>>> print(open('input_6.cif').read())   # mmCIF, C-alpha atoms
data_protein
loop_
_atom_site.label_atom_id
_atom_site.label_comp_id
_atom_site.auth_asym_id
_atom_site.auth_seq_id
_atom_site.Cartn_x
_atom_site.Cartn_y
_atom_site.Cartn_z
CA MET A 20 -26.48 81.98 238.49
CA ARG A 21 -24.05 81.18 241.27
CA ALA A 22 -26.60 78.84 242.77
CA LYS A 23 -26.77 76.85 239.56
CA PHE A 24 -23.01 76.44 239.46
CA GLU A 25 -22.91 75.39 243.11
CA GLU A 26 -25.60 72.81 242.36
CA MET A 27 -23.52 71.43 239.50
CA LYS A 28 -20.44 71.35 241.74
CA SER A 29 -22.30 69.42 244.41
CA LYS A 30 -23.16 66.79 241.81
CA ASP A 31 -19.53 66.61 240.61
CA LEU A 32 -20.53 68.17 237.30
CA LYS A 33 -18.20 70.60 235.57
CA PRO A 34 -19.75 73.20 233.25
CA ASP A 35 -18.42 73.06 229.71
CA ILE A 36 -18.68 75.34 226.69
CA ILE A 37 -22.18 74.03 225.89
CA THR A 38 -23.33 74.87 229.42
CA PHE A 39 -21.99 78.40 229.22
CA ASN A 40 -23.35 79.01 225.73
CA SER A 41 -26.81 77.89 226.82
CA MET A 42 -26.78 80.17 229.85
CA ILE A 43 -25.37 83.13 227.94
CA SER A 44 -28.11 82.62 225.34
CA GLY A 45 -30.72 82.59 228.10
CA TYR A 46 -29.51 85.86 229.58
CA GLY A 47 -29.17 87.32 226.08
CA LYS A 48 -32.79 86.60 225.21
CA LYS A 49 -33.73 88.66 228.26
CA GLY A 50 -31.37 91.45 227.22
CA ASP A 51 -29.43 90.98 230.47
CA MET A 52 -26.03 92.46 229.61
CA GLY A 53 -24.75 92.07 233.16
CA GLY A 54 -25.59 88.39 233.31
CA MET A 55 -23.94 87.69 229.97
CA SER A 56 -20.80 89.60 230.94
CA GLU A 57 -20.51 87.78 234.26
CA LEU A 58 -20.88 84.40 232.60
CA PHE A 59 -18.38 85.24 229.88
CA ASN A 60 -15.78 86.37 232.40
CA LEU A 61 -16.39 83.30 234.56
CA MET A 62 -15.96 81.05 231.55
CA LEU A 63 -12.60 82.63 230.75
CA ALA A 64 -11.52 82.38 234.39
CA MET A 65 -12.25 78.65 234.27
CA GLY A 66 -10.04 78.28 231.22
CA ILE A 67 -12.89 77.57 228.79
CA GLN A 68 -12.33 79.21 225.43
CA PRO A 69 -15.37 80.80 223.70
CA ASP A 70 -16.40 79.45 220.32
CA GLU A 71 -18.46 80.84 217.44
CA VAL A 72 -21.71 80.03 219.26
CA THR A 73 -20.57 82.02 222.30
CA PHE A 74 -19.98 85.16 220.27
CA SER A 75 -23.20 84.74 218.32
CA CYS A 76 -25.12 84.55 221.61
CA LEU A 77 -23.31 87.61 222.97
CA MET A 78 -24.02 89.64 219.85
CA ASP A 79 -27.67 88.60 219.76
CA GLY A 80 -28.02 89.55 223.42
CA CYS A 81 -26.49 92.97 222.75
CA ASN A 82 -28.96 93.55 219.91
CA ARG A 83 -31.89 92.57 222.12
CA ALA A 84 -30.67 94.97 224.79
CA ALA A 85 -30.50 97.77 222.18
CA GLN A 86 -26.72 97.77 222.54
CA CYS A 87 -26.03 97.27 218.86
CA GLU A 88 -22.79 99.23 219.02
CA LYS A 89 -21.36 96.59 221.37
CA SER A 90 -22.53 93.88 219.02
CA ASN A 91 -20.70 95.69 216.22
CA GLN A 92 -17.53 95.91 218.33
CA ILE A 93 -17.59 92.17 218.97
CA PHE A 94 -18.06 91.42 215.28
CA GLU A 95 -15.38 93.84 214.09
CA ASN A 96 -12.88 92.33 216.55
CA LEU A 97 -13.73 88.81 215.42
CA PHE A 98 -13.56 89.71 211.75
CA ALA A 99 -10.18 91.37 212.16
CA ASN A 100 -8.56 88.79 214.43
CA ARG A 101 -10.54 85.52 214.43
CA GLN A 102 -12.30 85.01 211.13
CA ASP A 103 -12.39 81.30 211.89
CA LEU A 104 -15.09 82.14 214.46
CA VAL A 105 -17.18 84.18 212.02
CA THR A 106 -20.08 82.12 210.65
CA SER A 107 -23.08 83.01 208.53
CA THR A 108 -25.07 83.19 211.77
CA THR A 109 -22.58 85.66 213.24
CA PHE A 110 -22.73 87.72 210.05
CA SER A 111 -26.53 87.71 210.08
CA ILE A 112 -26.72 88.84 213.71
CA TRP A 113 -24.27 91.66 213.00
CA ILE A 114 -26.33 92.80 210.01
CA ASP A 115 -29.50 92.65 212.12
CA GLY A 116 -27.88 94.95 214.66
CA CYS A 117 -26.78 97.41 211.97
CA GLY A 118 -30.32 97.46 210.60
CA PHE A 119 -31.98 97.99 213.97
CA SER A 120 -29.57 100.79 214.90
CA LYS A 121 -29.93 102.38 211.44
CA GLN A 122 -26.17 102.28 210.78
CA THR A 123 -26.52 102.28 207.01
CA SER A 124 -22.84 103.09 206.51
CA LEU A 125 -22.03 99.71 208.05
CA LEU A 126 -24.59 98.02 205.83
CA ASP A 127 -22.85 99.57 202.80
CA GLY A 128 -19.65 97.90 204.02
CA VAL A 129 -21.15 94.40 204.03
CA TRP A 130 -20.18 93.73 200.40
CA LYS A 131 -16.53 94.57 201.05
CA LYS A 132 -16.47 92.22 204.03
CA LEU A 133 -18.06 89.44 202.00
CA THR A 134 -15.31 89.71 199.36
CA ILE A 135 -12.54 89.18 201.93
CA TRP A 136 -14.39 86.71 204.15
CA ARG A 137 -12.83 83.25 203.96
CA LYS A 138 -16.20 81.51 203.86
CA LYS A 139 -19.17 81.58 201.52
CA PRO A 140 -22.27 83.37 202.86
CA ASP A 141 -25.50 81.41 202.88
CA SER A 142 -29.00 82.69 202.16
CA ASN A 143 -29.49 83.72 205.82
CA VAL A 144 -26.90 86.48 205.41
CA PHE A 145 -28.78 87.86 202.42
CA ASN A 146 -32.15 87.50 204.16
CA SER A 147 -30.82 89.65 207.01
CA LEU A 148 -29.40 92.22 204.60
CA VAL A 149 -32.69 92.49 202.69
CA GLU A 150 -34.58 93.04 205.95
CA ALA A 151 -32.02 95.57 207.22
CA TRP A 152 -32.25 97.71 204.09
CA LEU A 153 -36.02 97.57 204.06
CA ARG A 154 -36.15 98.49 207.74
CA ASN A 155 -34.18 101.58 206.75
CA HIS A 156 -36.62 102.32 203.88
CA ASN A 157 -34.15 101.62 201.08
CA LEU A 158 -36.07 99.46 198.65
CA PRO A 159 -33.60 99.66 195.71
CA LYS A 160 -30.73 98.33 197.80
CA ALA A 161 -32.91 95.52 199.10
CA VAL A 162 -33.65 94.56 195.49
CA ASP A 163 -29.92 94.72 194.68
CA VAL A 164 -29.28 92.24 197.48
CA LEU A 165 -31.87 89.85 196.04
CA LYS A 166 -30.27 90.11 192.59
CA ASN A 167 -26.82 89.49 194.05
CA MET A 168 -28.23 86.52 195.94
CA GLN A 169 -29.61 85.06 192.72
CA SER A 170 -26.34 85.66 190.85
CA ARG A 171 -24.59 83.53 193.47
CA GLY A 172 -27.01 80.70 192.83
CA LEU A 173 -28.61 80.95 196.27
CA PRO A 174 -32.31 79.96 196.37
CA CYS A 175 -35.05 82.46 197.03
CA SER A 176 -36.51 80.78 200.10
CA TYR A 177 -39.82 81.25 201.86
CA LYS A 178 -37.97 83.32 204.43
CA THR A 179 -36.55 85.63 201.76
CA ALA A 180 -39.96 86.11 200.14
CA THR A 181 -41.67 86.62 203.49
CA THR A 182 -39.02 89.07 204.69
CA PHE A 183 -39.23 91.10 201.50
CA LEU A 184 -43.02 91.15 201.40
CA SER A 185 -43.59 91.89 205.09
CA GLN A 186 -41.00 94.67 205.28
CA TYR A 187 -42.10 96.11 201.94
CA LEU A 188 -45.71 96.23 203.10
CA ALA A 189 -44.71 97.90 206.36
CA MET A 190 -43.01 100.61 204.28
CA VAL A 191 -46.08 100.95 202.08
CA GLU A 192 -48.39 101.36 205.07
CA LYS A 193 -46.19 104.07 206.55
CA ALA A 194 -46.02 105.85 203.21
CA LEU A 195 -49.77 105.76 202.80
CA GLU A 196 -50.19 107.14 206.30
CA GLY A 197 -47.77 109.96 205.52
CA ASN A 198 -45.32 108.86 208.21
CA MET A 199 -42.27 108.57 205.98
CA SER A 200 -39.66 111.26 205.62
CA SER A 201 -39.33 113.07 202.32
CA SER A 202 -35.92 111.46 201.83
CA THR A 203 -37.30 107.93 201.52
CA THR A 204 -36.25 105.98 198.46
CA LEU A 205 -39.65 104.34 198.08
CA SER A 206 -41.21 104.93 194.67
CA PHE A 207 -44.82 105.93 195.20
CA SER A 208 -45.63 104.90 191.64
CA SER A 209 -45.05 101.29 192.71
CA LEU A 210 -47.51 101.34 195.58
CA PRO A 211 -50.21 98.68 195.37
CA PRO A 212 -53.81 99.67 196.17
CA PRO A 213 -54.93 99.20 199.82
CA PRO A 214 -56.90 95.97 199.10
CA ALA A 215 -53.74 94.34 197.74
CA ILE A 216 -51.85 95.42 200.86
CA GLN A 217 -54.30 93.65 203.12
CA LEU A 218 -54.30 90.57 200.91
CA LEU A 219 -50.53 90.32 200.86
CA GLN A 220 -50.33 90.82 204.62
CA ASN A 221 -52.70 87.93 205.17
CA LEU A 222 -50.74 85.70 202.83
CA CYS A 223 -47.43 86.69 204.44
CA PHE A 224 -48.84 85.49 207.75
CA LYS A 225 -49.53 82.13 206.12
CA PHE A 226 -45.99 82.08 204.71
CA ARG A 227 -44.53 82.15 208.22
CA LYS A 228 -46.09 78.81 209.09
CA PHE A 229 -43.74 77.02 206.72
CA LYS A 230 -40.09 76.24 207.42
CA ASP A 231 -39.56 73.47 204.88
CA MET A 232 -38.98 74.93 201.42
CA ASP A 233 -40.63 71.89 199.81
CA GLU A 234 -43.96 72.36 201.58
CA LYS A 235 -46.88 73.90 199.72
CA LEU A 236 -48.88 76.86 200.88
CA ASP A 237 -52.35 75.96 202.11
CA LEU A 238 -54.28 78.54 200.08
CA SER A 239 -57.63 78.34 198.40
CA PRO A 240 -57.76 78.61 194.57
CA ALA A 241 -59.28 82.08 194.92
CA ASP A 242 -56.42 83.15 197.24
CA LYS A 243 -53.86 81.83 194.75
CA ARG A 244 -55.37 83.80 191.87
CA GLU A 245 -55.67 86.98 193.95
CA PHE A 246 -52.13 86.61 195.25
CA MET A 247 -50.58 86.30 191.82
CA ARG A 248 -52.70 89.15 190.45
CA ALA A 249 -51.68 91.42 193.34
CA ILE A 250 -48.01 90.51 193.25
CA GLN A 251 -47.79 91.16 189.49
CA ASP A 252 -49.15 94.67 190.12
CA ILE A 253 -46.06 95.51 192.19
CA PRO A 254 -43.08 96.22 189.89
CA TRP A 255 -40.44 95.54 192.55
CA LEU A 256 -41.75 92.00 193.11
CA LYS A 257 -41.89 90.89 189.50
CA HIS A 258 -38.31 89.61 189.38
CA PHE A 259 -39.06 86.83 191.86
CA ALA A 260 -42.81 86.44 191.38
CA ILE A 261 -42.18 83.33 189.30
CA LYS A 262 -40.34 81.70 192.19
CA VAL A 263 -43.17 82.53 194.54
CA SER A 264 -45.75 81.22 192.07
CA ARG A 265 -44.12 77.81 192.11
CA THR A 266 -45.11 77.41 195.75
CA LEU A 267 -48.72 78.13 194.87
CA ARG A 268 -49.19 75.32 192.36
#
>>> encode(input="input_6.cif", output="structure tokens")
Amino acid sequence: MRAKFEEMKSKDLKPDIITFNSMISGYGKKGDMGGMSELFNLMLAMGIQPDEVTFSCLMDGCNRAAQCEKSNQIFENLFANRQDLVTSTTFSIWIDGCGFSKQTSLLDGVWKKLTIWRKKPDSNVFNSLVEAWLRNHNLPKAVDVLKNMQSRGLPCSYKTATTFLSQYLAMVEKALEGNMSSSTTLSFSSLPPPPAIQLLQNLCFKFRKFKDMDEKLDLSPADKREFMRAIQDIPWLKHFAIKVSRTLR
């Protein structure tokens, strides 16, 4: 790292906030807490003030390093003292960390934070919350998030559908294998048969190829019929099956 700064100095180049954010992001993707910390301190020493991207990169790096508690500390400090630096991306990263570290009490507190947040959350915040609840095997709360999302007029995107389906199916597989605890909130009466699980997994993989919400899924007519038949057999998916079906026309 020092070598890179010396090289920039030799070329009369001064690192700015974009330079630091890029480097912090690079160390964060490797889960290098030491590298991120050194860069952050150096940035402050040079009189460069961190922005919302800086903190998002730091939090993401903490999550990748399995230091979700530090990510939570950064977010709580920002939320209490610098809400102007809290973006939907920051919120999503914080929720991701809570989900990974199984801090469900913090996930329960998301709604309270959203009511006092000075900005409007976008669909990414809700996508993250759906995934976090499903990762912690709480299907009803994931459904509640989707309903809240719809009540706010936010679209049910490909990412939302994919997140819900993929995490739901992971829960189903674990339940069928007997790997879930007895305290799980999954309703076994809503489990689809194994063939439907495999079908939905394959179609979820195809979902991930699309980033543009206006693009159509490249599925055969037989796949389309099987998908809709399978999805209608799962009670928890019925409330947004119509939205998904629109992508299959």
>>> resolve_selection(input="input_6.cif", expression="the PyMOL selection byres ((chain A and resi 114-117) around 9)", output="NGL selection string")
:A and (78-79 or 81-83 or 85-88 or 90-91 or 109-113 or 118-126 or 129 or 144 or 147-148 or 150-151)
>>> closest_residue(input="input_6.cif", among="A:Asn143, A:Asn60, A:Gln169, A:Asn40", to="Phe74 (chain A)", atoms="only C-alpha atoms")
A:Asn40
>>> resolve_selection(input="input_6.cif", expression="the PyMOL selection byres ((chain A and resi 42) around 12)", output="PyMOL selection string")
chain A and resi 20-21+23-24+34-41+43-49+51+54-59+61-62+72-73+76-77+80
>>> write_last_selection(input="input_6.cif", atoms="C-alpha atoms", output="PDB file, keeping the file's coordinate frame")
ATOM      1  CA  MET A  20     -26.480  81.980 238.490  1.00  0.00           C
ATOM      2  CA  ARG A  21     -24.050  81.180 241.270  1.00  0.00           C
ATOM      3  CA  LYS A  23     -26.770  76.850 239.560  1.00  0.00           C
ATOM      4  CA  PHE A  24     -23.010  76.440 239.460  1.00  0.00           C
ATOM      5  CA  PRO A  34     -19.750  73.200 233.250  1.00  0.00           C
ATOM      6  CA  ASP A  35     -18.420  73.060 229.710  1.00  0.00           C
ATOM      7  CA  ILE A  36     -18.680  75.340 226.690  1.00  0.00           C
ATOM      8  CA  ILE A  37     -22.180  74.030 225.890  1.00  0.00           C
ATOM      9  CA  THR A  38     -23.330  74.870 229.420  1.00  0.00           C
ATOM     10  CA  PHE A  39     -21.990  78.400 229.220  1.00  0.00           C
ATOM     11  CA  ASN A  40     -23.350  79.010 225.730  1.00  0.00           C
ATOM     12  CA  SER A  41     -26.810  77.890 226.820  1.00  0.00           C
ATOM     13  CA  ILE A  43     -25.370  83.130 227.940  1.00  0.00           C
ATOM     14  CA  SER A  44     -28.110  82.620 225.340  1.00  0.00           C
ATOM     15  CA  GLY A  45     -30.720  82.590 228.100  1.00  0.00           C
ATOM     16  CA  TYR A  46     -29.510  85.860 229.580  1.00  0.00           C
ATOM     17  CA  GLY A  47     -29.170  87.320 226.080  1.00  0.00           C
ATOM     18  CA  LYS A  48     -32.790  86.600 225.210  1.00  0.00           C
ATOM     19  CA  LYS A  49     -33.730  88.660 228.260  1.00  0.00           C
ATOM     20  CA  ASP A  51     -29.430  90.980 230.470  1.00  0.00           C
ATOM     21  CA  GLY A  54     -25.590  88.390 233.310  1.00  0.00           C
ATOM     22  CA  MET A  55     -23.940  87.690 229.970  1.00  0.00           C
ATOM     23  CA  SER A  56     -20.800  89.600 230.940  1.00  0.00           C
ATOM     24  CA  GLU A  57     -20.510  87.780 234.260  1.00  0.00           C
ATOM     25  CA  LEU A  58     -20.880  84.400 232.600  1.00  0.00           C
ATOM     26  CA  PHE A  59     -18.380  85.240 229.880  1.00  0.00           C
ATOM     27  CA  LEU A  61     -16.390  83.300 234.560  1.00  0.00           C
ATOM     28  CA  MET A  62     -15.960  81.050 231.550  1.00  0.00           C
ATOM     29  CA  VAL A  72     -21.710  80.030 219.260  1.00  0.00           C
ATOM     30  CA  THR A  73     -20.570  82.020 222.300  1.00  0.00           C
ATOM     31  CA  CYS A  76     -25.120  84.550 221.610  1.00  0.00           C
ATOM     32  CA  LEU A  77     -23.310  87.610 222.970  1.00  0.00           C
ATOM     33  CA  GLY A  80     -28.020  89.550 223.420  1.00  0.00           C
TER      34      GLY A  80
END
>>> atom_distance(input="input_6.cif", atom1="CA of Trp136 (chain A)", atom2="CA of Leu63 (chain A)")
27.0 Å
>>> atom_distance(input="input_6.cif", atom1="CA of Leu153 (chain A)", atom2="CA of Gln186 (chain A)")
5.9 Å
>>> atom_distance(input="input_6.cif", atom1="CA of Asp103 (chain A)", atom2="CA of Lys138 (chain A)")
8.9 Å
>>> axis_aligned_box(input="input_6.cif", around="region 122-130 of chain A", padding_each_side="4 Å", output="lines of an AutoDock Vina configuration file")
center_x = -23.1
center_y = 98.4
center_z = 205.6
size_x = 14.9
size_y = 17.4
size_z = 18.4
>>> residues_around(input="input_6.cif", residues="Leu173 (chain A)", least_positions_apart="6", cutoff="12 Å", atoms="all atoms listed in the file", output="list of chain:residue names")
A:Lys139, A:Pro140, A:Asp141, A:Ser142, A:Asn143, A:Val144, A:Phe145, A:Asn146, A:Val164, A:Leu165, A:Lys166, A:Asn167, A:Thr179
>>> closest_residue(input="input_6.cif", among="A:Gly66, A:Glu71, A:Leu158, A:Arg171", to="Arg101 (chain A)", atoms="all atoms listed in the file")
A:Glu71
>>> build_atoms(input="input_6.cif", residues="region 153-174 of chain A", atoms="N, CA, C and O atoms", output="PDB file, in the frame of the given file")
ATOM      1  N   LEU A 153     -34.612  97.195 204.072  1.00  0.00           N
ATOM      2  CA  LEU A 153     -36.020  97.570 204.060  1.00  0.00           C
ATOM      3  C   LEU A 153     -36.426  98.269 205.348  1.00  0.00           C
ATOM      4  O   LEU A 153     -37.254  99.178 205.336  1.00  0.00           O
ATOM      5  N   ARG A 154     -35.847  97.831 206.470  1.00  0.00           N
ATOM      6  CA  ARG A 154     -36.150  98.490 207.740  1.00  0.00           C
ATOM      7  C   ARG A 154     -35.693  99.953 207.707  1.00  0.00           C
ATOM      8  O   ARG A 154     -36.245 100.806 208.398  1.00  0.00           O
ATOM      9  N   ASN A 155     -34.672 100.214 206.897  1.00  0.00           N
ATOM     10  CA  ASN A 155     -34.180 101.580 206.750  1.00  0.00           C
ATOM     11  C   ASN A 155     -34.735 102.266 205.501  1.00  0.00           C
ATOM     12  O   ASN A 155     -34.174 103.243 205.020  1.00  0.00           O
ATOM     13  N   HIS A 156     -35.858 101.719 204.977  1.00  0.00           N
ATOM     14  CA  HIS A 156     -36.620 102.320 203.880  1.00  0.00           C
ATOM     15  C   HIS A 156     -35.817 102.492 202.594  1.00  0.00           C
ATOM     16  O   HIS A 156     -36.013 103.467 201.869  1.00  0.00           O
ATOM     17  N   ASN A 157     -34.916 101.545 202.326  1.00  0.00           N
ATOM     18  CA  ASN A 157     -34.150 101.620 201.080  1.00  0.00           C
ATOM     19  C   ASN A 157     -34.490 100.416 200.210  1.00  0.00           C
ATOM     20  O   ASN A 157     -33.808  99.394 200.232  1.00  0.00           O
ATOM     21  N   LEU A 158     -35.571 100.549 199.475  1.00  0.00           N
ATOM     22  CA  LEU A 158     -36.070  99.460 198.650  1.00  0.00           C
ATOM     23  C   LEU A 158     -35.105  99.075 197.521  1.00  0.00           C
ATOM     24  O   LEU A 158     -34.868  97.886 197.289  1.00  0.00           O
ATOM     25  N   PRO A 159     -34.521 100.021 196.785  1.00  0.00           N
ATOM     26  CA  PRO A 159     -33.600  99.660 195.710  1.00  0.00           C
ATOM     27  C   PRO A 159     -32.427  98.799 196.168  1.00  0.00           C
ATOM     28  O   PRO A 159     -32.036  97.852 195.488  1.00  0.00           O
ATOM     29  N   LYS A 160     -31.867  99.122 197.320  1.00  0.00           N
ATOM     30  CA  LYS A 160     -30.730  98.330 197.800  1.00  0.00           C
ATOM     31  C   LYS A 160     -31.172  96.943 198.232  1.00  0.00           C
ATOM     32  O   LYS A 160     -30.413  95.968 198.112  1.00  0.00           O
ATOM     33  N   ALA A 161     -32.387  96.834 198.740  1.00  0.00           N
ATOM     34  CA  ALA A 161     -32.910  95.520 199.100  1.00  0.00           C
ATOM     35  C   ALA A 161     -33.050  94.660 197.841  1.00  0.00           C
ATOM     36  O   ALA A 161     -32.728  93.466 197.851  1.00  0.00           O
ATOM     37  N   VAL A 162     -33.512  95.279 196.761  1.00  0.00           N
ATOM     38  CA  VAL A 162     -33.650  94.560 195.490  1.00  0.00           C
ATOM     39  C   VAL A 162     -32.274  94.157 194.967  1.00  0.00           C
ATOM     40  O   VAL A 162     -32.082  93.054 194.444  1.00  0.00           O
ATOM     41  N   ASP A 163     -31.284  95.036 195.110  1.00  0.00           N
ATOM     42  CA  ASP A 163     -29.920  94.720 194.680  1.00  0.00           C
ATOM     43  C   ASP A 163     -29.389  93.490 195.413  1.00  0.00           C
ATOM     44  O   ASP A 163     -28.682  92.666 194.829  1.00  0.00           O
ATOM     45  N   VAL A 164     -29.717  93.391 196.701  1.00  0.00           N
ATOM     46  CA  VAL A 164     -29.280  92.240 197.480  1.00  0.00           C
ATOM     47  C   VAL A 164     -29.896  90.959 196.925  1.00  0.00           C
ATOM     48  O   VAL A 164     -29.227  89.935 196.767  1.00  0.00           O
ATOM     49  N   LEU A 165     -31.193  91.021 196.603  1.00  0.00           N
ATOM     50  CA  LEU A 165     -31.870  89.850 196.040  1.00  0.00           C
ATOM     51  C   LEU A 165     -31.244  89.437 194.704  1.00  0.00           C
ATOM     52  O   LEU A 165     -31.049  88.246 194.436  1.00  0.00           O
ATOM     53  N   LYS A 166     -30.900  90.415 193.879  1.00  0.00           N
ATOM     54  CA  LYS A 166     -30.270  90.110 192.590  1.00  0.00           C
ATOM     55  C   LYS A 166     -28.890  89.493 192.794  1.00  0.00           C
ATOM     56  O   LYS A 166     -28.509  88.550 192.093  1.00  0.00           O
ATOM     57  N   ASN A 167     -28.139  90.032 193.758  1.00  0.00           N
ATOM     58  CA  ASN A 167     -26.820  89.490 194.050  1.00  0.00           C
ATOM     59  C   ASN A 167     -26.937  88.055 194.568  1.00  0.00           C
ATOM     60  O   ASN A 167     -26.143  87.179 194.224  1.00  0.00           O
ATOM     61  N   MET A 168     -27.959  87.847 195.386  1.00  0.00           N
ATOM     62  CA  MET A 168     -28.230  86.520 195.940  1.00  0.00           C
ATOM     63  C   MET A 168     -28.483  85.518 194.805  1.00  0.00           C
ATOM     64  O   MET A 168     -27.951  84.405 194.799  1.00  0.00           O
ATOM     65  N   GLN A 169     -29.297  85.928 193.843  1.00  0.00           N
ATOM     66  CA  GLN A 169     -29.610  85.060 192.720  1.00  0.00           C
ATOM     67  C   GLN A 169     -28.392  84.813 191.836  1.00  0.00           C
ATOM     68  O   GLN A 169     -28.207  83.718 191.309  1.00  0.00           O
ATOM     69  N   SER A 170     -27.536  85.821 191.677  1.00  0.00           N
ATOM     70  CA  SER A 170     -26.340  85.660 190.850  1.00  0.00           C
ATOM     71  C   SER A 170     -25.359  84.673 191.466  1.00  0.00           C
ATOM     72  O   SER A 170     -24.544  84.075 190.765  1.00  0.00           O
ATOM     73  N   ARG A 171     -25.452  84.495 192.773  1.00  0.00           N
ATOM     74  CA  ARG A 171     -24.590  83.530 193.470  1.00  0.00           C
ATOM     75  C   ARG A 171     -25.198  82.131 193.474  1.00  0.00           C
ATOM     76  O   ARG A 171     -24.621  81.206 194.034  1.00  0.00           O
ATOM     77  N   GLY A 172     -26.376  81.998 192.890  1.00  0.00           N
ATOM     78  CA  GLY A 172     -27.010  80.700 192.830  1.00  0.00           C
ATOM     79  C   GLY A 172     -27.689  80.284 194.119  1.00  0.00           C
ATOM     80  O   GLY A 172     -28.009  79.107 194.317  1.00  0.00           O
ATOM     81  N   LEU A 173     -27.942  81.256 195.006  1.00  0.00           N
ATOM     82  CA  LEU A 173     -28.610  80.950 196.270  1.00  0.00           C
ATOM     83  C   LEU A 173     -30.126  80.979 196.037  1.00  0.00           C
ATOM     84  O   LEU A 173     -30.637  81.867 195.356  1.00  0.00           O
ATOM     85  N   PRO A 174     -30.855  80.033 196.611  1.00  0.00           N
ATOM     86  CA  PRO A 174     -32.310  79.960 196.370  1.00  0.00           C
ATOM     87  C   PRO A 174     -33.071  81.076 197.050  1.00  0.00           C
ATOM     88  O   PRO A 174     -32.687  81.560 198.119  1.00  0.00           O
TER      89      PRO A 174
END
